[in-house]
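Remarks on the structure that follows.
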Amino acid sequence: MDELSPSERYRRAKQNRLPSELEDFANLLKFPLDDFQLQACKSLAEGRGVLVAAPTGAGKTVVGEFAIHLARSKNQKVFYTTPIKALSNQKYLELCDRYGSSEVGLLTGDTNQNGDAPIVVMTTEVLRNMIYAGSNSLITLGYVVMDEVHYLADKFRGAVWEEVILHLPRDVRIISLSATVSNAEEFGAWLDEVRGETSIIVSEHRPVPLNQHVLFNDELLELFDPSGKAVNPELAQRHANKLRNPVARPPRGRNGNPGQNRARLQHLIPQLSKPEVVELLEEADLLPAIFFIFSRAGCEAAVRACLHRSIRLTTTEERQEIRRVVEEKTYNIADEDLATLGYNEWLSALERGVAAHHAGMLPAFKEVVEELFLRKLVKAVFATETLSLGINMPARTVVLERLDKYNGESRVQITPGEYTQYTGRAGRRGIDTEGHSVIQWSAQLDPASVAGLASKRTYPLISSFRPTNNMAVNLVEAFGRNRAREVLEMSFSQFQADRSVVGLAKGLREKQVSLDGYLTAMRCHLGDFEEYATMRREISDLERELSNGKVRAERGKDIRSTKGRHEKEHRLAALKREIKHHPCHPCQEREAHSRWAERYFRLQRELDAALSQIETRTNLVARTFDKICNQLVELEYLSDEDPDLNVLEEGKMLARIYGDRDLLVAECIRHGVWNSIDAANLAALVVALVYEARRDEEETPRLPRGNFEQYAEKTLDVWWSLESLSKKNKLPSTNSPDFSISLAFHKWASNAKLDYVLELADLLPGDFIRWAKQVIDLLDQIAQVADDKLAATARSAVDSVKRGIVAISYYD
C-alpha cells in the first residue's frame with residue numbers, strides 16, 4: 001500500500017477530528033465513546049437533532065448528557081424528560097452529583113425544586129403543560145432530551161410525547177433516546193419532517209454480549225450452536241427424546257387432544273423449583289439474577305419458597321448492611337403499617353439475598369430492593385414485566401420461567417420485542433464480560449421457536465396519538481382551529497396512516513387490473529353477463545337470508561316482521577322468473593362465465609373495503625379533531641363566531657383538566673353536580689373517575705352511606721348525556737365511572753386504618769398508592785379550576801387522602 005502524502009494525512013486527520021465541544025466532553029469521561037455515541041454526539045455538535053435507538057444498557061444516555069454539555073457551553077437551558085417520576089428522581093440525583101444541586105432542577109407535577117435552573121429534569125407531561133401555558137422557561141431553551149421516547153406507543157400516555165415533539169419551538173434540538181425498534185427509520189423520517197434535520201443512529205450492538213441458555217432439567221445447555229445462527233443440535237435432540245420417551249407415557253385424552261396430552265406430559269417431566277434454580281445459578285457464578293415471573297402472586301410465592309428452603313446468599317456483613325439500608329428507608333412508616341405490609345417477612349428475605357419486585361409493592365419497598373440489587377447485596381429478584389422498562393437495574397443473568405403470559409383475557413406468547421426488553425437486563429457494563437439469559441425447558445417449549453424469538457428484533461413503534469377534549473381547547477387557544485388542524489396532520493399517527501395509504505393505493509391498482517381481467521373473461525356474446533351474475537347473486541343472498549330467518553323463527557329468535565319476510569319472498573320469486581328470460585341464461589358457457597363473475601364480485605368487495613380504509617385513514621386525526629371541536633361548540637366550551645374558533649371561559653377551565661374523563665369532570669363542575677359535597681365523598685367519587693379494575697368485577701359495589709349515592713347518580717347522568725352526544729358526533733365511547741373501590745377511599749379519607757382499607761378495596765399496597773396518587777392529582781386540578789367552595793373541599797380531600805403511607809410514597 002502506497003504511503004499517504006503529508007497533505008492527504010492532514011486532510012484525513014482534519015476529517016476525523018472531533019468538534020471541540022465533543023472533544024472536551026470526551027475528555028471528561030472515564031471510558032471511550034462507542035461508535036454510535038460518537039456519531040450521535042457529532043450530529044448534535046453540528047446542529048442536528050438525533051434519534052438514538054440502541055439496546056438497554058448500551059449507553060444511550062451519554063448522548064443526552066452531551067446535549068447538557070452543549071447547552072451549558074452555549075448558556076442555554078436544557079430539559080431532560082422521562083416517562084415516570086421514579087426515573088426523573090433517579091436522573092435528578094445523578095445530575096446533581098455531576099453538576100451540583102444549584103445547577104439542576106426537578107419538576108414532576110407534585111415536585112418543584114429549583115425549576116429555574118439551567119438543567120431541569122421533568123416528566124413529559126410537565127413539559128407538555130409548560131408548552132400550552134407559554135412558559136417563559138421556553139425562551140432560552142436549546143435542547144430537550146426525551147428519554148425512553150418509545151413510550152409514545154403507550155395507549156394511555158403516548159400522545160403526550162407527540163404533542164411535545166410537535167409543539168416545541170422549531171429551533172429547539174430534540175434528542176430522542178429509544179429502545180431498539182424495528183421501524184426506527186420510519187420514526188426518524190417523521191422527526192426529520194416535523195423537527196428539521198434529524199440524524200438516525202441505530203445500534204444493535206450490546207456492549208456486554210448475551211449468552212443464551214436453556215435449563216434442561218438441572219443442566220444448562222446453550223440455545224444456539226457455535227455459529228450463533230442455528231439451534232444447538234444437542235438441545236434439539238434432547239427435546240425430541242424427552243417428548244418421545246417421558247418417564248411414563250400419559251393416557252391419550254378422550255378425543256386424542258395433542259395439547260391436552262402435552263399438558264399432561266409436562267407434569268411427568270421433572271423441572272427444578274425456583275429455589276433450586278437459584279442454587280444452580282449460585283454454583284455456576286451466574287448471580288445476581290432477575291427472574292421474570294408474569295404474576296405478582298408468583299413473585300411472592302417464589303420468595304416464600306426460597307425462605308422455606310432456607311436459601312442464604314449473603315454474608316454476615318452484607319446482612320448487617322441490608323438491615324441498615326432498610327431501617328434508613330422505612331424509619332418514617334408507622335409500626336402498625338409495617339405489620340400490615342408484611343415488613344418482617346420482607347426483611348427476612350432481603351437478609352437472605354432474595355426479593356420480589358412488582359407494582360403491587362409499596363414504592364419505598366421497591367426502592368430498597370432496587371438499591372440493594374444495584375449494590376450486589378440482593379442476589380435474586382423475582383419480578384413482573386414492569387421491571388423490564390425504565391429503572392436502571394442490570395443483572396448478570398435473566399431467567400424466564402415461561403414464554404407466555406396472561407394479558408387479562410387469555411394466555412399469549414411474548415413478542416420478540418418483549419423478549420428483547422427482558423433479556424436487555426442481562427449483563428452489567430464494566431462488571432460482566434457477558435450477560436446470560438436462561439429459559440426453563442418445558443414440554444411446550446420448542447427450541448426452534450425460542451431461537452426464532454431470540455434472534456428477531458421486531459419491536460415496531462406504533463403511534464397511539466388521538467386528539468382529546470383537553471388537547472382541542474389548548475390547541476385552539478394556542479394556534480386557532482386551522483393552524484391546529486395543520487399541526488395535527490403532522491402527527492406521527494397521521495404520518496403512519498399516510499404511509500399505509502400508499503401501500504393500500506398500490507394494492508388498489510393491482511386489484512383494478514385483475515378486476516378488468518375478470519370482467520373481460522366473463523363477457524358473454526349473448527348479453528350483459530355482469531347484470532345476469534348480479535341477479536344470480538341476489539337470488540342466492542335472498543335464499544340464504546330466508547333460510548336463516550326460518551331457522552331463527554323455529555328457535556323463537558326471529559325478530560324481523562312478517563311483512564319484511566313476505567317482501568323478500570315476493571322479490572325472490574320475481575327474480576327467478578326474470579332470470580329465465582335474460583339473454584345470457586341459455587348460454588352454453590354460462591357456468592364458466594359465472595365462475596369468473598364470482599371472482600369479479602369477490603375482488604370488487606375487497607376493492608371497496610380498501611377504498612373505505614383509505615377514506616378512513618386520510619385526514620384521520622384532523623377529522624377526529626373537527627368532531628371534538630364541533631361537540632365542544634355545542635357544549636359551549638368553544639365559540640364558532642370566528643371560523644378559527646375561540647375558547648370560552650368554560651373552555652379555559654377544561655384546558656386545565658387532564659385525563660380520559662376531562663370533559664366529564666368539567667361538565668360536573670360547571671353544572672354544580674358536586675356542590676355541597678364533603679371531602680370524603682369527593683375523594684370516593686373522584687376515585688371512580690380514575691380507577692380501572694385489573695379484572696372483571698361483576699358484584700355490585702358497596703357505596704358509602706349517606707348522600708354519596710345521589711352524587712354518584714348525578715355524575716352518571718352527566719356521563720350518559722355525554723355518551724349520547726359522542727355517539728351522535730361519531731366519537732369514541734368511554735367506560736362508565738367505576739365505583740368498586742369508592743367505599744375504601746371514603747374510609748381512607750375518613751381516617752380509617754391501612755389494613756382495613758386494603759382489605760376493603762382488595763388491593764395490594766402499591767396499587768392502592770397508585771390510585772391514591774391519581775386521585776390526588778385530579779383533586780388538585782379540581783381545586784385549581786372550581787369555584788371557592790368546591791375548590792376548598794377538593795383541597796381538604798387532598799389532605800385527607802395524602803396521609804400515612806400515601807404521603808410517604810407520593811413523591812416516589
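As shown in the C-alpha cells, the chain order sets the letters A, B, ...; within each chain, residues go from 1, and ligands are also counted from 1 in the order they appear.
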Quiz item: Got a sec: who's within 9 Å of Pro19 (chain A), counting only C-alpha atoms, leaving out chain neighbours fewer than 3 positions off, as a PyMOL selection string?
Solution: chain A and resi 22-24+42+45-46
Quiz item: Among region 99-188 of chain A, which ones does DSSP place in helix (DSSP H, G or I), written as number ranges by chain?
Solution: A: 99, 101-103, 124-133, 136-138, 149-153, 158-167, 184-188
Exercise. Fewer than 4 positions away in the same chain doesn't count, so skip those; otherwise give me all residues within 8 Å of region 541-543 of chain A, counting only C-alpha atoms, as a PyMOL selection string.
Key: chain A and resi 537+547+568-569+572
Would you mind exporting C-alpha atoms of the selected residues as a short mmCIF file (atom, residue, chain, number, x, y, z; two decimals), in the first residue's frame?
data_model
loop_
_atom_site.label_atom_id
_atom_site.label_comp_id
_atom_site.auth_asym_id
_atom_site.auth_seq_id
_atom_site.Cartn_x
_atom_site.Cartn_y
_atom_site.Cartn_z
CA ARG A 537 -76.05 -13.31 -6.58
CA SER A 547 -83.43 -19.90 5.20
CA LYS A 568 -88.29 -10.89 0.27
CA GLU A 569 -90.20 -13.98 -0.84
CA LEU A 572 -87.13 -13.85 -4.90
#
Sort by chain and increasing residue number a table of all residues of region 652-744 of chain A within 12 Å of region 123-129 of chain A, each with its closest pair of atoms and their distance in Å to one decimal, counting only C-alpha atoms, and write it as a Markdown table.
| residue | atom | partner | partner_atom | distance |
| --- | --- | --- | --- | --- |
| A:Ala655 | CA | A:Asn129 | CA | 9.7 |
| A:Arg656 | CA | A:Asn129 | CA | 8.8 |
| A:Ile657 | CA | A:Asn129 | CA | 10.7 |
| A:Tyr658 | CA | A:Asn129 | CA | 9.7 |
| A:Gly659 | CA | A:Glu125 | CA | 11.1 |
Now that the selection is made, can you save its residues with all heavy atoms as a short mmCIF file (atom, residue, chain, number, x, y, z; two decimals), in the first residue's frame?
data_model
loop_
_atom_site.label_atom_id
_atom_site.label_comp_id
_atom_site.auth_asym_id
_atom_site.auth_seq_id
_atom_site.Cartn_x
_atom_site.Cartn_y
_atom_site.Cartn_z
N ALA A 655 -59.24 23.33 29.70
CA ALA A 655 -57.83 23.28 29.28
C ALA A 655 -56.91 22.89 30.43
O ALA A 655 -55.78 22.47 30.19
CB ALA A 655 -57.41 24.64 28.72
N ARG A 656 -57.39 22.99 31.67
CA ARG A 656 -56.53 22.69 32.83
C ARG A 656 -56.91 21.38 33.50
O ARG A 656 -56.46 21.08 34.60
CB ARG A 656 -56.62 23.85 33.82
CG ARG A 656 -56.07 25.15 33.23
CD ARG A 656 -56.48 26.34 34.06
NE ARG A 656 -55.84 26.35 35.37
CZ ARG A 656 -56.16 27.21 36.34
NH1 ARG A 656 -57.13 28.09 36.16
NH2 ARG A 656 -55.54 27.15 37.50
N ILE A 657 -57.75 20.59 32.83
CA ILE A 657 -58.15 19.29 33.37
C ILE A 657 -57.62 18.21 32.42
O ILE A 657 -58.01 18.17 31.25
CB ILE A 657 -59.68 19.17 33.50
CG1 ILE A 657 -60.21 20.25 34.44
CG2 ILE A 657 -60.06 17.78 34.03
CD1 ILE A 657 -61.71 20.36 34.45
N TYR A 658 -56.74 17.36 32.92
CA TYR A 658 -56.10 16.34 32.09
C TYR A 658 -56.60 14.96 32.48
O TYR A 658 -56.87 14.68 33.64
CB TYR A 658 -54.58 16.41 32.26
CG TYR A 658 -53.99 17.72 31.79
CD1 TYR A 658 -53.79 18.78 32.69
CD2 TYR A 658 -53.67 17.93 30.46
CE1 TYR A 658 -53.26 19.99 32.27
CE2 TYR A 658 -53.15 19.14 30.02
CZ TYR A 658 -52.94 20.16 30.93
OH TYR A 658 -52.43 21.36 30.50
N GLY A 659 -56.69 14.08 31.49
CA GLY A 659 -57.11 12.71 31.77
C GLY A 659 -58.23 12.29 30.84
O GLY A 659 -58.83 13.10 30.12
#
Practice problem: Would you mind reading off the distance between CA of Thr81 (chain A) and CA of Asp116 (chain A), one decimal, in Å? | Solution: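 Taking CA of Thr81 (chain A) as the start and CA of Asp116 (chain A) as the end point, the length is 15.3 Å.
Using only C-alpha atoms, the shortest contact distance between Ile290 (chain A) and any of A:Phe216, A:Gln113, A:Ala334, A:Ala395 is found at A:Ala395.
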Practice problem: Please return as a list of chain:residue names: the residues of region 530-770 of chain A that backbone DSSP assigns to strand (DSSP E). | Solution: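 Listing strand (DSSP E) positions across region 530-770 of chain A yields A:Leu638, A:Ser639, A:Asn646, A:Val647.
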Create the file for the chosen residues now, containing all heavy atoms and written as a compact mmCIF listing (two decimals), in the first residue's frame.
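After the write, again36.txt holds the following:
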# COMPACT_ATOMS: atom_id res chain seq x y z
N LEU A 638 -66.30 26.11 23.31
CA LEU A 638 -65.72 26.87 22.21
C LEU A 638 -66.83 27.67 21.54
O LEU A 638 -68.00 27.28 21.57
CB LEU A 638 -65.07 25.94 21.18
CG LEU A 638 -63.88 25.08 21.62
CD1 LEU A 638 -63.47 24.13 20.50
CD2 LEU A 638 -62.69 25.94 22.05
N SER A 639 -66.44 28.78 20.92
CA SER A 639 -67.40 29.59 20.16
C SER A 639 -67.00 29.56 18.68
O SER A 639 -65.81 29.67 18.35
CB SER A 639 -67.38 31.03 20.67
OG SER A 639 -68.01 31.88 19.74
N ASN A 646 -63.02 30.32 19.03
CA ASN A 646 -62.50 31.00 20.21
C ASN A 646 -62.78 30.13 21.44
O ASN A 646 -63.79 29.43 21.48
CB ASN A 646 -63.17 32.37 20.39
CG ASN A 646 -62.78 33.34 19.30
OD1 ASN A 646 -61.60 33.50 19.00
ND2 ASN A 646 -63.77 33.98 18.68
N VAL A 647 -61.88 30.21 22.41
CA VAL A 647 -62.06 29.45 23.65
C VAL A 647 -62.84 30.30 24.64
O VAL A 647 -62.43 31.42 24.97
CB VAL A 647 -60.70 29.05 24.25
CG1 VAL A 647 -60.90 28.28 25.55
CG2 VAL A 647 -59.91 28.19 23.26
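With only C-alpha atoms as the atoms that count, the residue of A:Leu287, A:Ala349, A:Val121, A:Ala683 with the shortest distance to Ala301 (chain A) is A:Ala349.
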